[in-house]
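Q: This one is data07.cif, mmCIF, C-alpha atoms.
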```cif
data_start
#
loop_
_atom_site.label_atom_id
_atom_site.label_comp_id
_atom_site.auth_asym_id
_atom_site.auth_seq_id
_atom_site.Cartn_x
_atom_site.Cartn_y
_atom_site.Cartn_z
CA MET N 281 0.00 0.00 0.00
CA SER N 282 1.39 3.36 -0.96
CA GLU N 283 1.70 6.17 1.51
CA ALA N 284 -1.01 8.03 -0.38
CA ASP N 285 -3.42 5.07 -0.10
CA ASP N 286 -2.66 4.72 3.57
CA ASP N 287 -3.40 8.40 4.16
CA GLY N 288 -6.58 7.97 2.21
CA LEU N 289 -7.76 5.20 4.50
CA ARG N 290 -6.77 7.09 7.61
CA ASN N 291 -8.86 10.03 6.56
CA SER N 292 -11.69 7.98 5.23
CA GLU N 293 -14.84 7.18 7.19
CA ARG N 294 -14.94 3.78 5.51
CA ASP N 295 -12.45 2.11 7.85
CA ILE N 296 -13.33 2.97 11.42
CA ARG N 297 -10.38 1.05 12.79
CA PHE N 298 -8.26 4.12 12.14
CA GLY N 299 -10.49 6.00 14.53
CA HIS N 300 -14.17 6.72 14.80
CA ASP N 301 -15.64 9.97 13.71
CA LEU N 302 -17.56 10.69 16.90
CA ARG N 303 -20.13 12.72 14.98
CA HIS N 304 -21.39 9.40 13.66
CA VAL N 305 -21.49 7.75 17.07
CA GLN N 306 -22.53 10.43 19.54
CA ASP N 307 -24.69 13.49 19.43
CA GLU N 308 -23.60 16.95 20.59
CA ASN N 309 -24.29 15.97 24.22
CA GLY N 310 -22.19 12.82 24.05
CA VAL N 311 -25.22 10.51 23.95
CA ASP N 312 -24.28 7.19 22.33
CA LEU N 313 -26.55 7.06 19.29
CA LEU N 314 -25.47 3.59 18.25
CA LEU N 315 -26.46 2.26 21.64
CA LEU N 316 -29.83 3.97 21.37
CA LYS N 317 -30.35 2.41 17.94
CA GLN N 318 -29.59 -1.00 19.44
CA ASN N 319 -32.05 -0.33 22.27
CA LEU N 320 -34.77 0.49 19.78
CA GLN N 321 -34.40 -3.01 18.34
CA LEU N 322 -35.20 -4.50 21.75
CA SER N 323 -38.60 -5.14 23.27
CA VAL N 324 -39.60 -3.33 26.47
CA GLU N 325 -39.05 -6.57 28.37
CA GLU N 326 -35.54 -6.95 26.96
CA ARG N 327 -34.73 -3.35 27.93
CA LEU N 328 -35.88 -3.94 31.50
CA LEU N 329 -33.98 -7.21 31.76
CA ALA N 330 -30.85 -5.47 30.48
CA LEU N 331 -31.28 -2.85 33.21
CA GLU N 332 -31.65 -5.60 35.82
CA ASP N 333 -28.43 -7.20 34.56
CA PHE N 334 -26.64 -3.86 34.68
CA VAL N 335 -27.79 -3.16 38.25
CA ARG N 336 -26.75 -6.68 39.30
CA PHE N 337 -23.33 -6.17 37.74
CA ALA N 338 -22.93 -2.79 39.47
CA ASP N 339 -23.92 -4.34 42.80
CA GLU N 340 -21.40 -7.14 42.38
CA VAL N 341 -18.64 -4.66 41.60
CA HIS N 342 -19.65 -2.59 44.62
CA LEU N 343 -19.67 -5.68 46.81
CA GLY N 344 -16.23 -6.68 45.54
CA GLU N 345 -14.89 -3.23 46.32
CA ARG N 346 -16.26 -3.37 49.86
CA GLU N 347 -14.75 -6.80 50.47
CA GLN N 348 -11.37 -5.46 49.45
CA LEU N 349 -11.53 -2.68 52.03
CA MET O 272 -34.70 -5.28 41.01
CA ASN O 273 -37.20 -7.81 39.75
CA PHE O 274 -39.44 -5.95 37.32
CA ARG O 275 -41.33 -9.10 36.42
CA LEU O 276 -42.48 -9.62 39.99
CA GLY O 277 -43.16 -5.95 40.73
CA LEU O 278 -45.22 -5.30 37.62
CA GLU O 279 -47.03 -8.64 37.77
CA VAL O 280 -48.19 -8.10 41.35
CA LEU O 281 -49.28 -4.50 40.77
CA VAL O 282 -51.23 -5.45 37.64
CA ARG O 283 -52.79 -8.54 39.24
CA HIS O 284 -54.05 -6.39 42.11
CA ARG O 285 -55.52 -4.05 39.47
CA VAL O 286 -53.67 -1.02 40.78
CA GLU O 287 -54.14 1.94 38.46
CA PHE O 288 -50.68 3.37 37.95
CA VAL O 289 -48.32 4.84 35.38
CA VAL O 290 -44.63 3.95 35.32
CA VAL O 291 -42.61 7.15 35.59
CA GLY O 292 -38.99 8.01 36.43
CA GLY O 293 -35.86 6.14 35.40
CA VAL O 294 -37.59 2.89 34.48
CA ALA O 295 -39.85 4.83 32.11
CA VAL O 296 -36.72 6.35 30.56
CA VAL O 297 -35.30 2.87 30.01
CA ALA O 298 -38.61 1.39 28.84
CA HIS O 299 -38.76 4.03 26.11
CA GLY O 300 -35.32 2.89 24.95
CA ALA O 301 -32.89 5.34 26.53
CA ASN O 302 -30.00 4.51 28.83
CA LEU O 303 -30.10 5.31 32.51
CA MET O 304 -28.95 3.47 35.59
CA THR O 305 -31.76 3.18 38.10
CA ARG O 306 -32.55 0.82 40.92
CA ASP O 307 -36.18 1.56 41.58
CA LEU O 308 -39.53 1.26 39.90
CA ASP O 309 -41.35 4.59 40.22
CA ILE O 310 -45.11 4.44 39.87
CA LEU O 311 -47.56 7.32 39.94
CA TYR O 312 -50.83 5.90 41.25
CA ARG O 313 -54.41 7.07 41.25
CA LEU O 314 -55.40 8.62 44.56
CA GLU O 315 -58.83 7.06 44.94
CA ASP O 316 -59.97 4.89 47.84
CA THR O 317 -60.37 1.58 45.99
CA ASN O 318 -57.12 2.03 44.15
CA VAL O 319 -55.19 2.89 47.29
CA GLU O 320 -56.65 -0.24 48.93
CA ARG O 321 -55.42 -2.25 45.94
CA LEU O 322 -51.98 -0.73 46.30
CA VAL O 323 -51.96 -1.61 50.01
CA SER O 324 -52.80 -5.24 49.07
CA ALA O 325 -50.12 -5.34 46.37
CA PHE O 326 -47.58 -3.88 48.76
CA ALA O 327 -48.55 -6.45 51.41
CA GLU O 328 -47.98 -9.30 48.95
CA LEU O 329 -44.62 -7.80 48.01
CA GLY O 330 -43.65 -7.44 51.68
CA ALA O 331 -43.17 -3.70 51.19
CA VAL O 332 -41.63 -1.76 54.07
CA ALA O 333 -40.58 1.85 54.28
CA TYR O 334 -37.16 2.37 52.71
CA GLY O 335 -34.44 3.62 55.00
CA ASP O 336 -35.98 2.58 58.31
CA PRO O 337 -34.61 -0.49 60.13
CA ARG O 338 -37.95 -1.14 61.85
CA ASN O 339 -39.40 -2.62 58.62
CA LEU O 340 -42.57 -0.57 58.76
CA PRO O 341 -45.35 -1.73 56.41
CA PHE O 342 -47.71 0.66 54.60
CA SER O 343 -51.37 1.10 55.48
CA PHE O 344 -54.18 2.86 53.62
CA ALA O 345 -53.58 6.01 55.64
CA HIS O 346 -49.91 6.06 54.73
CA LEU O 347 -50.56 5.78 51.00
CA ASN O 348 -53.70 7.89 50.71
CA ASN O 349 -51.90 11.16 50.05
CA THR O 350 -49.75 12.89 47.44
CA GLY O 351 -46.45 11.97 49.11
CA HIS O 352 -43.58 9.87 47.82
CA HIS O 353 -43.68 6.43 49.43
CA LEU O 354 -40.35 4.70 48.98
CA ALA O 355 -40.58 1.00 49.64
CA ASP O 356 -38.23 -1.95 49.91
CA THR O 357 -40.05 -4.95 48.49
CA LYS O 358 -39.41 -8.54 47.39
CA ALA O 359 -39.20 -7.08 43.88
CA GLY O 360 -36.67 -4.43 44.90
CA ARG O 361 -37.30 -0.75 45.46
CA ILE O 362 -40.73 0.46 44.40
CA ASP O 363 -41.46 4.14 44.86
CA ALA O 364 -45.20 4.71 44.97
CA LEU O 365 -45.83 8.35 44.19
CA GLY O 366 -49.07 10.14 44.91
CA SER O 367 -47.87 13.04 42.80
CA ILE O 368 -44.84 14.11 40.80
CA GLY O 369 -43.41 17.35 39.45
CA LEU O 370 -41.38 20.14 40.96
CA ARG O 371 -44.22 21.26 43.23
CA GLY O 372 -45.98 17.90 43.43
CA GLU O 373 -48.74 19.25 41.23
CA VAL O 374 -48.86 16.42 38.69
CA ARG O 375 -51.32 13.63 39.51
CA TYR O 376 -52.13 10.28 37.95
CA GLU O 377 -55.12 11.63 36.03
CA THR O 378 -52.96 14.13 34.14
CA VAL O 379 -50.27 11.65 33.18
CA ALA O 380 -52.64 8.78 32.38
CA VAL O 381 -54.31 10.78 29.60
CA ASP O 382 -51.48 10.29 27.11
CA ALA O 383 -49.61 7.43 28.77
CA VAL O 384 -48.26 4.74 26.46
CA GLU O 385 -49.41 1.15 26.83
CA MET O 386 -46.45 -1.22 27.15
CA SER O 387 -46.15 -4.97 27.54
CA ALA O 388 -43.49 -6.99 29.30
CA PHE O 389 -43.38 -10.21 31.33
CA GLY O 390 -46.87 -11.11 30.22
CA VAL O 391 -48.51 -8.00 31.64
CA THR O 392 -49.61 -4.71 30.14
CA PHE O 393 -48.99 -1.46 31.96
CA ALA O 394 -49.06 2.28 31.33
CA CYS O 395 -45.84 4.24 30.91
CA ILE O 396 -45.59 8.02 30.93
CA ALA O 397 -45.42 9.54 27.43
CA ILE O 398 -41.94 10.51 26.32
CA ASP O 399 -42.78 14.21 25.80
CA ARG O 400 -44.35 14.48 29.24
CA LEU O 401 -41.37 12.69 30.77
CA ILE O 402 -39.04 15.16 29.07
CA ALA O 403 -41.13 18.11 30.29
CA ILE O 404 -41.18 16.92 33.91
CA LYS O 405 -37.51 16.03 34.00
CA THR O 406 -36.60 19.33 32.36
CA GLU O 407 -38.54 21.16 35.05
CA LEU O 408 -36.91 19.13 37.84
CA GLY O 409 -33.56 20.04 36.34
CA ARG O 410 -31.25 18.00 38.54
CA PRO O 411 -28.07 16.68 36.86
CA ARG O 412 -29.56 13.20 36.73
CA ASP O 413 -32.75 14.54 35.15
CA ARG O 414 -30.77 16.53 32.58
CA LEU O 415 -28.91 13.36 31.64
CA ALA O 416 -32.21 11.55 31.10
CA VAL O 417 -33.54 14.44 29.01
CA MET O 418 -30.47 14.34 26.74
CA GLU O 419 -30.99 10.61 26.19
CA LEU O 420 -34.70 11.01 25.55
CA GLU O 421 -34.23 13.94 23.15
CA ALA O 422 -31.68 11.92 21.18
CA LEU O 423 -34.07 8.99 21.14
CA LYS O 424 -36.83 11.17 19.75
CA LYS O 425 -34.58 12.38 16.95
CA LEU O 426 -33.64 8.82 16.05
CA ARG O 427 -37.28 7.80 15.92
CA GLY O 428 -37.93 10.75 13.65
#
```
Could you express the structure from this file as structure tokens?
A:
Amino acid sequence: MSEADDDGLRNSERDIRFGHDLRHVQDENGVDLLLLKQNLQLSVEERLLALEDFVRFADEVHLGEREQL
Amino acid sequence: MNFRLGLEVLVRHRVEFVVVGGVAVVAHGANLMTRDLDILYRLEDTNVERLVSAFAELGAVAYGDPRNLPFSFAHLNNTGHHLADTKAGRIDALGSIGLRGEVRYETVAVDAVEMSAFGVTFACIAIDRLIAIKTELGRPRDRLAVMELEALKKLRG
């Protein structure tokens, strides 16, 4: 790959491995739009179960931190 | 939190309520960490009795008090915020919401959205009303929810 091609890829939005353009991922407030799009594909029940899982995970982390003290 | 149990018991006892707060934010599809199910219930004698029964089945006791105090009709028959520890996790039964406690069930129920999960159907506060109330409350946590909900609205188009 020539240096010119490489620069082209780096500056291109086609290959996000060179770095995401955050304008395509977050809005002006930093809200993760991709995550919201994923959420919209879920049912209400799946959203609530995901929240339960997240709370459980947070509690386990908190418990682990307390046990280390 | 066990949303399945909390919602199933409330619905089975035919409590008239609307899900509000953080769980409503999540149910609409936005992201927010919350540990409690906030419900705005209808302040009417029969409905309050139903809520007392549902709370009894869930073993609800007043949050933050080591004496494990259960709720009676008199405790719930007012516009206050009744925070409860239950078998289903924290359930906050709200007689009113809003900055000055001026928003009642009847107002929110008008345009509430019907949602289904865990085999039950329940009412959830409309996204625009949720945004309006959280904007008025204006705490950092509310502002975060509003940003998520506004972005969600844009995505939905």
Q: Distance table requested - chain N against chain O, cut-off 6 Å, only C-alpha atoms: one row per qualifying residue with the closest atom pair and its distance in Å to one decimal, ordered by chain and rising residue number, as a tab-separated table.
A:
```
residue	atom	partner	partner_atom	distance
N:Asn319	CA	O:Gly300	CA	5.3
N:Leu320	CA	O:Gly300	CA	5.7
N:Val324	CA	O:Ala298	CA	5.4
N:Glu325	CA	O:Ala388	CA	4.6
```
Q: Identify, on the basis of all atoms listed in the file, every residue whose closest approach to Thr378 in chain O does not exceed 12 Å; exclude the query and any residue fewer than 2 positions from it along the same chain; express the result as a list of chain:residue names.
A: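 What passes the distance filter is O:Phe288, O:Val289, O:Leu311, O:Tyr312, O:Arg313, O:Ser367, O:Ile368, O:Gly369, O:Glu373, O:Val374, O:Arg375, O:Tyr376, O:Ala380, O:Val381, O:Asp382, O:Ala383, O:Ile396, O:Ala397, O:Arg400.
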Q: Store the residues picked out above, limited to C-alpha atoms, as a CSV table (one decimal), in the frame of the given file.
A:
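Ended up saving to again-v2.csv:
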```
chain,number,residue,atom,x,y,z
O,288,PHE,CA,-50.7,3.4,38.0
O,289,VAL,CA,-48.3,4.8,35.4
O,311,LEU,CA,-47.6,7.3,39.9
O,312,TYR,CA,-50.8,5.9,41.2
O,313,ARG,CA,-54.4,7.1,41.2
O,367,SER,CA,-47.9,13.0,42.8
O,368,ILE,CA,-44.8,14.1,40.8
O,369,GLY,CA,-43.4,17.4,39.4
O,373,GLU,CA,-48.7,19.2,41.2
O,374,VAL,CA,-48.9,16.4,38.7
O,375,ARG,CA,-51.3,13.6,39.5
O,376,TYR,CA,-52.1,10.3,38.0
O,380,ALA,CA,-52.6,8.8,32.4
O,381,VAL,CA,-54.3,10.8,29.6
O,382,ASP,CA,-51.5,10.3,27.1
O,383,ALA,CA,-49.6,7.4,28.8
O,396,ILE,CA,-45.6,8.0,30.9
O,397,ALA,CA,-45.4,9.5,27.4
O,400,ARG,CA,-44.4,14.5,29.2
```
Q: Hey, can you check how far CA of His284 in chain O sits from CA of Ser324 in chain O?
A: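 Pair CA of His284 in chain O / CA of Ser324 in chain O returns 7.2 Å.
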Q: Counting only C-alpha atoms, which residue out of O:Leu370, O:Val384, O:Leu314, O:Leu308 sits closest to Asn348 in chain O?
A: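 Distance minimum relative to Asn348 in chain O lands on O:Leu314.
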Q: Quick one, how far is CA of Ile404 in chain O from CA of Val305 in chain N?
A: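 Between these atoms lies a distance of 27.5 Å.
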Q: Can you work out which one of O:Leu408, O:Ala331, O:Leu322, O:Ile362 has the shortest atom-to-atom distance to Phe344 in chain O, counting all atoms listed in the file?
A: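 Looking only at the distances to Phe344 in chain O, the closest residue turns out to be O:Leu322.
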